[in-house]
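Just input_18.cif here, mmCIF, C-alpha atoms:
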```cif
data_protein
loop_
_atom_site.group_PDB
_atom_site.id
_atom_site.type_symbol
_atom_site.label_atom_id
_atom_site.label_comp_id
_atom_site.auth_asym_id
_atom_site.auth_seq_id
_atom_site.Cartn_x
_atom_site.Cartn_y
_atom_site.Cartn_z
ATOM 1 C CA MET H 1 130.794 101.285 127.158
ATOM 2 C CA PRO H 2 130.014 100.209 123.545
ATOM 3 C CA HIS H 3 127.958 97.096 122.904
ATOM 4 C CA SER H 4 129.610 94.108 121.331
ATOM 5 C CA PRO H 5 128.038 93.096 117.981
ATOM 6 C CA ASP H 6 127.490 89.702 119.586
ATOM 7 C CA ALA H 7 125.690 91.025 122.648
ATOM 8 C CA PRO H 8 122.433 89.118 123.203
ATOM 9 C CA LEU H 9 120.240 92.191 122.746
ATOM 10 C CA ASP H 10 121.970 93.121 119.499
ATOM 11 C CA ARG H 11 121.501 89.559 118.273
ATOM 12 C CA LEU H 12 117.807 89.735 119.160
ATOM 13 C CA VAL H 13 117.343 93.019 117.296
ATOM 14 C CA ARG H 14 119.015 91.587 114.191
ATOM 15 C CA ALA H 15 117.003 88.354 114.419
ATOM 16 C CA VAL H 16 113.632 90.081 114.877
ATOM 17 C CA THR H 17 114.396 92.492 112.039
ATOM 18 C CA SER H 18 115.450 89.661 109.724
ATOM 19 C CA LEU H 19 112.427 87.536 110.647
ATOM 20 C CA SER H 20 110.036 90.432 110.110
ATOM 21 C CA TYR H 21 111.572 91.113 106.713
ATOM 22 C CA ALA H 22 111.515 87.453 105.692
ATOM 23 C CA LEU H 23 107.902 86.874 106.753
ATOM 24 C CA GLY H 24 106.841 90.050 104.965
ATOM 25 C CA ARG H 25 108.348 88.984 101.667
ATOM 26 C CA SER H 26 105.830 88.407 98.908
ATOM 27 C CA ARG H 27 107.251 85.013 97.896
ATOM 28 C CA VAL H 28 107.027 83.671 101.454
ATOM 29 C CA HIS H 29 103.447 84.873 101.730
ATOM 30 C CA GLU H 30 102.482 83.439 98.340
ATOM 31 C CA GLU H 31 103.974 80.041 99.189
ATOM 32 C CA LEU H 32 102.226 79.963 102.564
ATOM 33 C CA THR H 33 98.808 80.916 101.224
ATOM 34 C CA ALA H 34 99.166 78.554 98.255
ATOM 35 C CA SER H 35 100.159 75.701 100.578
ATOM 36 C CA VAL H 36 96.923 76.140 102.544
ATOM 37 C CA GLY H 37 94.769 76.851 99.485
ATOM 38 C CA VAL H 38 93.742 80.468 100.124
ATOM 39 C CA THR H 39 94.321 83.794 98.417
ATOM 40 C CA VAL H 40 94.531 86.614 100.947
ATOM 41 C CA GLU H 41 96.882 89.602 100.981
ATOM 42 C CA ARG H 42 99.370 89.922 103.880
ATOM 43 C CA PRO H 43 97.696 92.947 105.500
ATOM 44 C CA GLU H 44 94.320 91.230 105.242
ATOM 45 C CA ILE H 45 95.593 88.249 107.225
ATOM 46 C CA ALA H 46 96.573 90.570 110.074
ATOM 47 C CA LEU H 47 93.130 92.147 109.950
ATOM 48 C CA LEU H 48 91.436 88.734 110.007
ATOM 49 C CA ARG H 49 93.570 87.634 112.961
ATOM 50 C CA VAL H 50 92.599 90.689 115.015
ATOM 51 C CA LEU H 51 88.907 90.209 114.266
ATOM 52 C CA TYR H 52 89.126 86.476 114.979
ATOM 53 C CA ALA H 53 90.823 87.062 118.339
ATOM 54 C CA SER H 54 88.391 89.757 119.438
ATOM 55 C CA PRO H 55 85.611 88.506 121.720
ATOM 56 C CA GLU H 56 83.343 91.279 120.378
ATOM 57 C CA PRO H 57 82.790 92.678 116.875
ATOM 58 C CA LEU H 58 84.914 95.785 116.227
ATOM 59 C CA ARG H 59 84.355 99.148 114.575
ATOM 60 C CA VAL H 60 86.721 100.060 111.735
ATOM 61 C CA THR H 61 88.381 102.709 113.915
ATOM 62 C CA ASP H 62 89.032 100.180 116.703
ATOM 63 C CA LEU H 63 90.392 97.654 114.230
ATOM 64 C CA ALA H 64 92.681 100.274 112.666
ATOM 65 C CA ALA H 65 93.975 101.264 116.102
ATOM 66 C CA ARG H 66 94.820 97.651 116.942
ATOM 67 C CA LEU H 67 96.619 97.272 113.622
ATOM 68 C CA LEU H 68 98.451 100.607 114.082
ATOM 69 C CA VAL H 69 97.174 101.904 110.732
ATOM 70 C CA ARG H 70 94.721 104.544 109.589
ATOM 71 C CA SER H 71 91.027 103.776 109.084
ATOM 72 C CA PRO H 72 90.952 104.246 105.261
ATOM 73 C CA HIS H 73 93.427 101.359 104.864
ATOM 74 C CA VAL H 74 91.200 99.105 106.930
ATOM 75 C CA THR H 75 88.048 100.195 105.106
ATOM 76 C CA ARG H 76 89.498 99.080 101.750
ATOM 77 C CA GLN H 77 90.696 95.759 103.169
ATOM 78 C CA VAL H 78 87.356 95.100 104.866
ATOM 79 C CA ALA H 79 85.545 95.690 101.567
ATOM 80 C CA ARG H 80 87.729 93.063 99.845
ATOM 81 C CA LEU H 81 87.357 90.590 102.710
ATOM 82 C CA GLU H 82 83.601 91.131 102.868
ATOM 83 C CA ALA H 83 83.316 90.517 99.117
ATOM 84 C CA ALA H 84 85.296 87.283 99.598
ATOM 85 C CA GLY H 85 82.931 86.156 102.354
ATOM 86 C CA LEU H 86 85.595 86.320 105.082
ATOM 87 C CA VAL H 87 84.259 89.291 107.077
ATOM 88 C CA ARG H 88 80.746 90.283 108.088
ATOM 89 C CA ARG H 89 79.705 93.913 108.541
ATOM 90 C CA VAL H 90 76.555 94.697 110.536
ATOM 91 C CA PRO H 91 75.104 98.027 111.690
ATOM 92 C CA ASP H 92 75.992 98.996 115.241
ATOM 93 C CA ALA H 93 72.761 98.861 117.270
ATOM 94 C CA LEU H 94 74.001 101.697 119.508
ATOM 95 C CA ASP H 95 75.292 103.974 116.738
ATOM 96 C CA HIS H 96 73.607 103.545 113.364
ATOM 97 C CA ARG H 97 76.320 105.624 111.670
ATOM 98 C CA THR H 98 78.899 102.862 112.191
ATOM 99 C CA HIS H 99 79.222 99.169 111.484
ATOM 100 C CA LEU H 100 80.638 96.318 113.508
ATOM 101 C CA LEU H 101 82.989 93.803 111.934
ATOM 102 C CA SER H 102 83.551 90.141 112.671
ATOM 103 C CA THR H 103 84.950 87.142 110.850
ATOM 104 C CA THR H 104 82.642 84.704 109.138
ATOM 105 C CA ALA H 105 83.019 80.946 109.620
ATOM 106 C CA HIS H 106 84.949 80.886 106.341
ATOM 107 C CA GLY H 107 87.193 83.738 107.565
ATOM 108 C CA ARG H 108 87.979 81.790 110.739
ATOM 109 C CA GLN H 109 88.804 78.705 108.658
ATOM 110 C CA VAL H 110 91.213 80.752 106.539
ATOM 111 C CA VAL H 111 93.003 82.066 109.646
ATOM 112 C CA ASP H 112 93.152 78.540 111.091
ATOM 113 C CA ARG H 113 94.667 77.138 107.869
ATOM 114 C CA ILE H 114 97.238 79.923 107.577
ATOM 115 C CA ASP H 115 98.194 79.569 111.231
ATOM 116 C CA GLN H 116 98.529 75.802 110.769
ATOM 117 C CA GLY H 117 100.846 76.448 107.830
ATOM 118 C CA MET H 118 102.940 78.768 110.018
ATOM 119 C CA ARG H 119 103.027 76.204 112.840
ATOM 120 C CA ASP H 120 104.138 73.507 110.396
ATOM 121 C CA SER H 121 106.897 75.766 109.073
ATOM 122 C CA PHE H 122 108.071 76.783 112.547
ATOM 123 C CA ARG H 123 107.854 73.197 113.815
ATOM 124 C CA ALA H 124 110.135 71.996 111.019
ATOM 125 C CA THR H 125 112.729 74.582 112.039
ATOM 126 C CA LEU H 126 112.318 74.466 115.817
ATOM 127 C CA ASP H 127 111.547 70.792 116.453
ATOM 128 C CA ASP H 128 114.635 70.374 118.631
ATOM 129 C CA LEU H 129 113.548 73.061 121.126
ATOM 130 C CA THR H 130 111.787 72.195 124.364
ATOM 131 C CA ASP H 131 108.352 73.532 125.241
ATOM 132 C CA ARG H 132 110.056 75.782 127.836
ATOM 133 C CA GLN H 133 112.374 77.254 125.203
ATOM 134 C CA LEU H 134 109.440 77.892 122.876
ATOM 135 C CA ALA H 135 107.460 79.487 125.724
ATOM 136 C CA ASP H 136 110.423 81.742 126.576
ATOM 137 C CA ALA H 137 110.775 82.802 122.930
ATOM 138 C CA ALA H 138 107.033 83.460 122.729
ATOM 139 C CA GLU H 139 107.190 85.594 125.874
ATOM 140 C CA VAL H 140 109.944 87.757 124.391
ATOM 141 C CA MET H 141 108.040 88.220 121.129
ATOM 142 C CA GLU H 142 104.782 88.989 122.965
ATOM 143 C CA ARG H 143 106.505 91.653 125.061
ATOM 144 C CA LEU H 144 107.995 93.255 121.960
ATOM 145 C CA ALA H 145 104.625 93.191 120.181
ATOM 146 C CA ALA H 146 102.795 94.653 123.192
ATOM 147 C CA ASP H 147 105.387 97.411 123.534
ATOM 148 C CA ALA H 148 105.135 98.287 119.841
ATOM 149 C CA ALA H 149 101.350 98.412 120.077
ATOM 150 C CA ALA H 150 101.459 100.668 123.143
ATOM 151 C CA ARG H 151 104.223 102.878 121.781
ATOM 152 C CA TYR H 152 102.753 103.459 118.343
ATOM 153 C CA GLU H 153 99.044 103.449 119.123
ATOM 154 C CA GLU H 154 97.428 106.619 117.878
ATOM 155 C CA PRO H 155 95.919 108.625 120.696
ATOM 156 C CA HIS H 156 92.161 108.852 120.584
ATOM 157 C CA PRO H 157 91.015 112.370 119.793
ATOM 158 C CA ALA H 158 89.497 114.281 122.667
ATOM 159 C CA PRO H 159 85.714 114.529 122.518
ATOM 160 C CA PRO H 160 84.444 117.889 121.334
ATOM 161 C CA PRO H 161 83.636 120.331 124.119
ATOM 162 C CA THR H 162 80.027 120.378 125.135
ATOM 163 C CA ARG H 163 78.034 123.547 124.828
ATOM 164 C CA GLY H 164 76.287 124.570 127.894
ATOM 165 C CA GLY H 165 75.355 127.473 129.963
ATOM 166 C CA GLY H 166 77.098 128.429 132.982
#
```

Turn the structure described in the file into structure tokens.
Amino acid sequence: MPHSPDAPLDRLVRAVTSLSYALGRSRVHEELTASVGVTVERPEIALLRVLYASPEPLRVTDLAARLLVRSPHVTRQVARLEAAGLVRRVPDALDHRTHLLSTTAHGRQVVDRIDQGMRDSFRATLDDLTDRQLADAAEVMERLAADAAARYEEPHPAPPPTRGGG
């Protein structure tokens, strides 16, 4: 049985796709960052959000996995954010070959200001919705985001075999 173009799931797919496209547009991003007085690239905001939300500092490989990208992309972004004073990189006490990343106070302020700008924008559009309706919409979006993260997460490589006798 074919789906109607107006079926609720089809509408959701179209809406999520359109929203993703709109929020990813350069002009939207530029207006948002200008309105809150910061200059940060779109991918860097995502990186800052993940670091900000993490209770522990993260290695580049862990951060890349959470962002569903490859480590070299994250390494370049971290270098820019570190130079801007938004991210701190410290040696890992357990593995001196790697570094741990966290947001600085300034980095957290930038995320807070950008998120406030997003809330203000969403509030202007959604001010007639109840808290329950907003919670339901958030639940749907969170489920979609969690599924995408689980579905597209790169598998961790198997550890190399150990050499041993026997």

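The smallest atom-to-atom distance between Ala146 (chain H) and any of H:Leu68, H:Leu19, H:Leu12, H:Leu48, using only C-alpha atoms, is found for H:Leu68.
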
**Study point:** Result set of the PyMOL selection byres ((chain H and resi 59-63) around 8) on the coordinates above, as a PyMOL selection string
**Key:** chain H and resi 47+50-51+57-58+64-67+70-71+74-75+98-101

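Pairwise distance (CA of Phe122 (chain H), CA of Ser4 (chain H)) equals 29.0 Å.
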
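Between CA of Ser26 (chain H) and CA of Asp112 (chain H) the interatomic distance comes to 20.2 Å.
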
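Residues matched by the PyMOL selection byres ((chain H and resi 117) around 10) in this file are Glu31, Leu32, Thr33, Ala34, Ser35, Val36, Val111, Asp112, Arg113, Ile114, Asp115, Gln116, Met118, Arg119, Asp120, Ser121, Phe122 and Arg123 of chain H.
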
Check your understanding: Which neighbours of Thr104 (chain H) fall inside 7 Å, counting all atoms listed in the file, when residues of the same chain fewer than 2 positions from it are skipped, and could you give them as number ranges by chain?
Key -> H: 85-88, 102, 106-108

Those same residues, written as a CSV table (one decimal), in the frame of the given file with C-alpha atoms?
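Everything below was put into out-v4.csv:
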```csv
chain,number,residue,atom,x,y,z
H,85,GLY,CA,82.9,86.2,102.4
H,86,LEU,CA,85.6,86.3,105.1
H,87,VAL,CA,84.3,89.3,107.1
H,88,ARG,CA,80.7,90.3,108.1
H,102,SER,CA,83.6,90.1,112.7
H,106,HIS,CA,84.9,80.9,106.3
H,107,GLY,CA,87.2,83.7,107.6
H,108,ARG,CA,88.0,81.8,110.7
```

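Reported to one decimal place, the separation of CA of Ala138 (chain H) from CA of Tyr52 (chain H) is 19.7 Å.
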
Can you give me all heavy atoms for region 55-66 of chain H, written as a PDB file, in the frame of the given file?
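Once written, out_13.pdb looks like this:
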```pdb
ATOM      1  N   PRO H  55      86.831  89.138 121.213  1.00  0.00           N
ATOM      2  CA  PRO H  55      85.611  88.506 121.720  1.00  0.00           C
ATOM      3  C   PRO H  55      84.348  89.228 121.261  1.00  0.00           C
ATOM      4  O   PRO H  55      83.259  88.664 121.295  1.00  0.00           O
ATOM      5  CB  PRO H  55      85.765  88.582 123.241  1.00  0.00           C
ATOM      6  CG  PRO H  55      86.728  89.689 123.480  1.00  0.00           C
ATOM      7  CD  PRO H  55      87.618  89.761 122.265  1.00  0.00           C
ATOM      8  N   GLU H  56      84.484  90.472 120.815  1.00  0.00           N
ATOM      9  CA  GLU H  56      83.343  91.279 120.378  1.00  0.00           C
ATOM     10  C   GLU H  56      83.623  91.799 118.967  1.00  0.00           C
ATOM     11  O   GLU H  56      84.772  92.017 118.603  1.00  0.00           O
ATOM     12  CB  GLU H  56      83.186  92.499 121.300  1.00  0.00           C
ATOM     13  CG  GLU H  56      83.083  92.193 122.763  1.00  0.00           C
ATOM     14  CD  GLU H  56      81.656  91.972 123.200  1.00  0.00           C
ATOM     15  OE1 GLU H  56      80.766  92.565 122.573  1.00  0.00           O
ATOM     16  OE2 GLU H  56      81.448  91.216 124.155  1.00  0.00           O
ATOM     17  N   PRO H  57      82.580  92.013 118.171  1.00  0.00           N
ATOM     18  CA  PRO H  57      82.790  92.678 116.875  1.00  0.00           C
ATOM     19  C   PRO H  57      83.421  94.053 117.092  1.00  0.00           C
ATOM     20  O   PRO H  57      83.222  94.678 118.136  1.00  0.00           O
ATOM     21  CB  PRO H  57      81.370  92.796 116.305  1.00  0.00           C
ATOM     22  CG  PRO H  57      80.587  91.732 117.004  1.00  0.00           C
ATOM     23  CD  PRO H  57      81.192  91.642 118.391  1.00  0.00           C
ATOM     24  N   LEU H  58      84.182  94.524 116.108  1.00  0.00           N
ATOM     25  CA  LEU H  58      84.914  95.785 116.227  1.00  0.00           C
ATOM     26  C   LEU H  58      84.463  96.794 115.185  1.00  0.00           C
ATOM     27  O   LEU H  58      84.097  96.424 114.075  1.00  0.00           O
ATOM     28  CB  LEU H  58      86.420  95.534 116.040  1.00  0.00           C
ATOM     29  CG  LEU H  58      87.103  94.619 117.037  1.00  0.00           C
ATOM     30  CD1 LEU H  58      88.532  94.363 116.611  1.00  0.00           C
ATOM     31  CD2 LEU H  58      87.049  95.223 118.430  1.00  0.00           C
ATOM     32  N   ARG H  59      84.549  98.073 115.543  1.00  0.00           N
ATOM     33  CA  ARG H  59      84.355  99.148 114.575  1.00  0.00           C
ATOM     34  C   ARG H  59      85.652  99.285 113.770  1.00  0.00           C
ATOM     35  O   ARG H  59      86.731  98.903 114.224  1.00  0.00           O
ATOM     36  CB  ARG H  59      84.059 100.468 115.286  1.00  0.00           C
ATOM     37  CG  ARG H  59      82.727 100.461 116.025  1.00  0.00           C
ATOM     38  CD  ARG H  59      82.507 101.754 116.765  1.00  0.00           C
ATOM     39  NE  ARG H  59      83.631 101.950 117.682  1.00  0.00           N
ATOM     40  CZ  ARG H  59      83.991 103.101 118.194  1.00  0.00           C
ATOM     41  NH1 ARG H  59      83.320 104.188 117.912  1.00  0.00           N
ATOM     42  NH2 ARG H  59      85.013 103.195 119.005  1.00  0.00           N
ATOM     43  N   VAL H  60      85.547  99.861 112.586  1.00  0.00           N
ATOM     44  CA  VAL H  60      86.721 100.060 111.735  1.00  0.00           C
ATOM     45  C   VAL H  60      87.789 100.849 112.488  1.00  0.00           C
ATOM     46  O   VAL H  60      88.973 100.519 112.431  1.00  0.00           O
ATOM     47  CB  VAL H  60      86.330 100.771 110.415  1.00  0.00           C
ATOM     48  CG1 VAL H  60      87.567 101.269 109.679  1.00  0.00           C
ATOM     49  CG2 VAL H  60      85.539  99.835 109.526  1.00  0.00           C
ATOM     50  N   THR H  61      87.393 101.883 113.210  1.00  0.00           N
ATOM     51  CA  THR H  61      88.381 102.709 113.915  1.00  0.00           C
ATOM     52  C   THR H  61      89.113 101.903 114.995  1.00  0.00           C
ATOM     53  O   THR H  61      90.312 102.072 115.178  1.00  0.00           O
ATOM     54  CB  THR H  61      87.718 103.944 114.553  1.00  0.00           C
ATOM     55  OG1 THR H  61      86.616 103.515 115.370  1.00  0.00           O
ATOM     56  CG2 THR H  61      87.232 104.920 113.501  1.00  0.00           C
ATOM     57  N   ASP H  62      88.396 101.021 115.683  1.00  0.00           N
ATOM     58  CA  ASP H  62      89.032 100.180 116.703  1.00  0.00           C
ATOM     59  C   ASP H  62      89.981  99.176 116.057  1.00  0.00           C
ATOM     60  O   ASP H  62      91.076  98.924 116.563  1.00  0.00           O
ATOM     61  CB  ASP H  62      87.980  99.447 117.532  1.00  0.00           C
ATOM     62  CG  ASP H  62      87.100 100.406 118.314  1.00  0.00           C
ATOM     63  OD1 ASP H  62      87.594 101.482 118.714  1.00  0.00           O
ATOM     64  OD2 ASP H  62      85.911 100.073 118.505  1.00  0.00           O
ATOM     65  N   LEU H  63      89.554  98.610 114.949  1.00  0.00           N
ATOM     66  CA  LEU H  63      90.392  97.654 114.230  1.00  0.00           C
ATOM     67  C   LEU H  63      91.661  98.337 113.724  1.00  0.00           C
ATOM     68  O   LEU H  63      92.768  97.809 113.878  1.00  0.00           O
ATOM     69  CB  LEU H  63      89.595  97.048 113.078  1.00  0.00           C
ATOM     70  CG  LEU H  63      90.263  95.982 112.235  1.00  0.00           C
ATOM     71  CD1 LEU H  63      90.776  94.823 113.078  1.00  0.00           C
ATOM     72  CD2 LEU H  63      89.269  95.477 111.186  1.00  0.00           C
ATOM     73  N   ALA H  64      91.519  99.521 113.159  1.00  0.00           N
ATOM     74  CA  ALA H  64      92.681 100.274 112.666  1.00  0.00           C
ATOM     75  C   ALA H  64      93.641 100.578 113.807  1.00  0.00           C
ATOM     76  O   ALA H  64      94.862 100.450 113.649  1.00  0.00           O
ATOM     77  CB  ALA H  64      92.229 101.566 111.988  1.00  0.00           C
ATOM     78  N   ALA H  65      93.116 100.962 114.952  1.00  0.00           N
ATOM     79  CA  ALA H  65      93.975 101.264 116.102  1.00  0.00           C
ATOM     80  C   ALA H  65      94.760 100.028 116.529  1.00  0.00           C
ATOM     81  O   ALA H  65      95.947 100.122 116.837  1.00  0.00           O
ATOM     82  CB  ALA H  65      93.137 101.797 117.262  1.00  0.00           C
ATOM     83  N   ARG H  66      94.123  98.883 116.544  1.00  0.00           N
ATOM     84  CA  ARG H  66      94.820  97.651 116.942  1.00  0.00           C
ATOM     85  C   ARG H  66      95.877  97.244 115.926  1.00  0.00           C
ATOM     86  O   ARG H  66      96.870  96.622 116.275  1.00  0.00           O
ATOM     87  CB  ARG H  66      93.822  96.517 117.141  1.00  0.00           C
ATOM     88  CG  ARG H  66      92.953  96.741 118.356  1.00  0.00           C
ATOM     89  CD  ARG H  66      92.059  95.576 118.624  1.00  0.00           C
ATOM     90  NE  ARG H  66      91.092  95.919 119.653  1.00  0.00           N
ATOM     91  CZ  ARG H  66      90.311  95.057 120.245  1.00  0.00           C
ATOM     92  NH1 ARG H  66      90.366  93.778 119.910  1.00  0.00           N
ATOM     93  NH2 ARG H  66      89.451  95.442 121.163  1.00  0.00           N
TER      94      ARG H  66
END
```
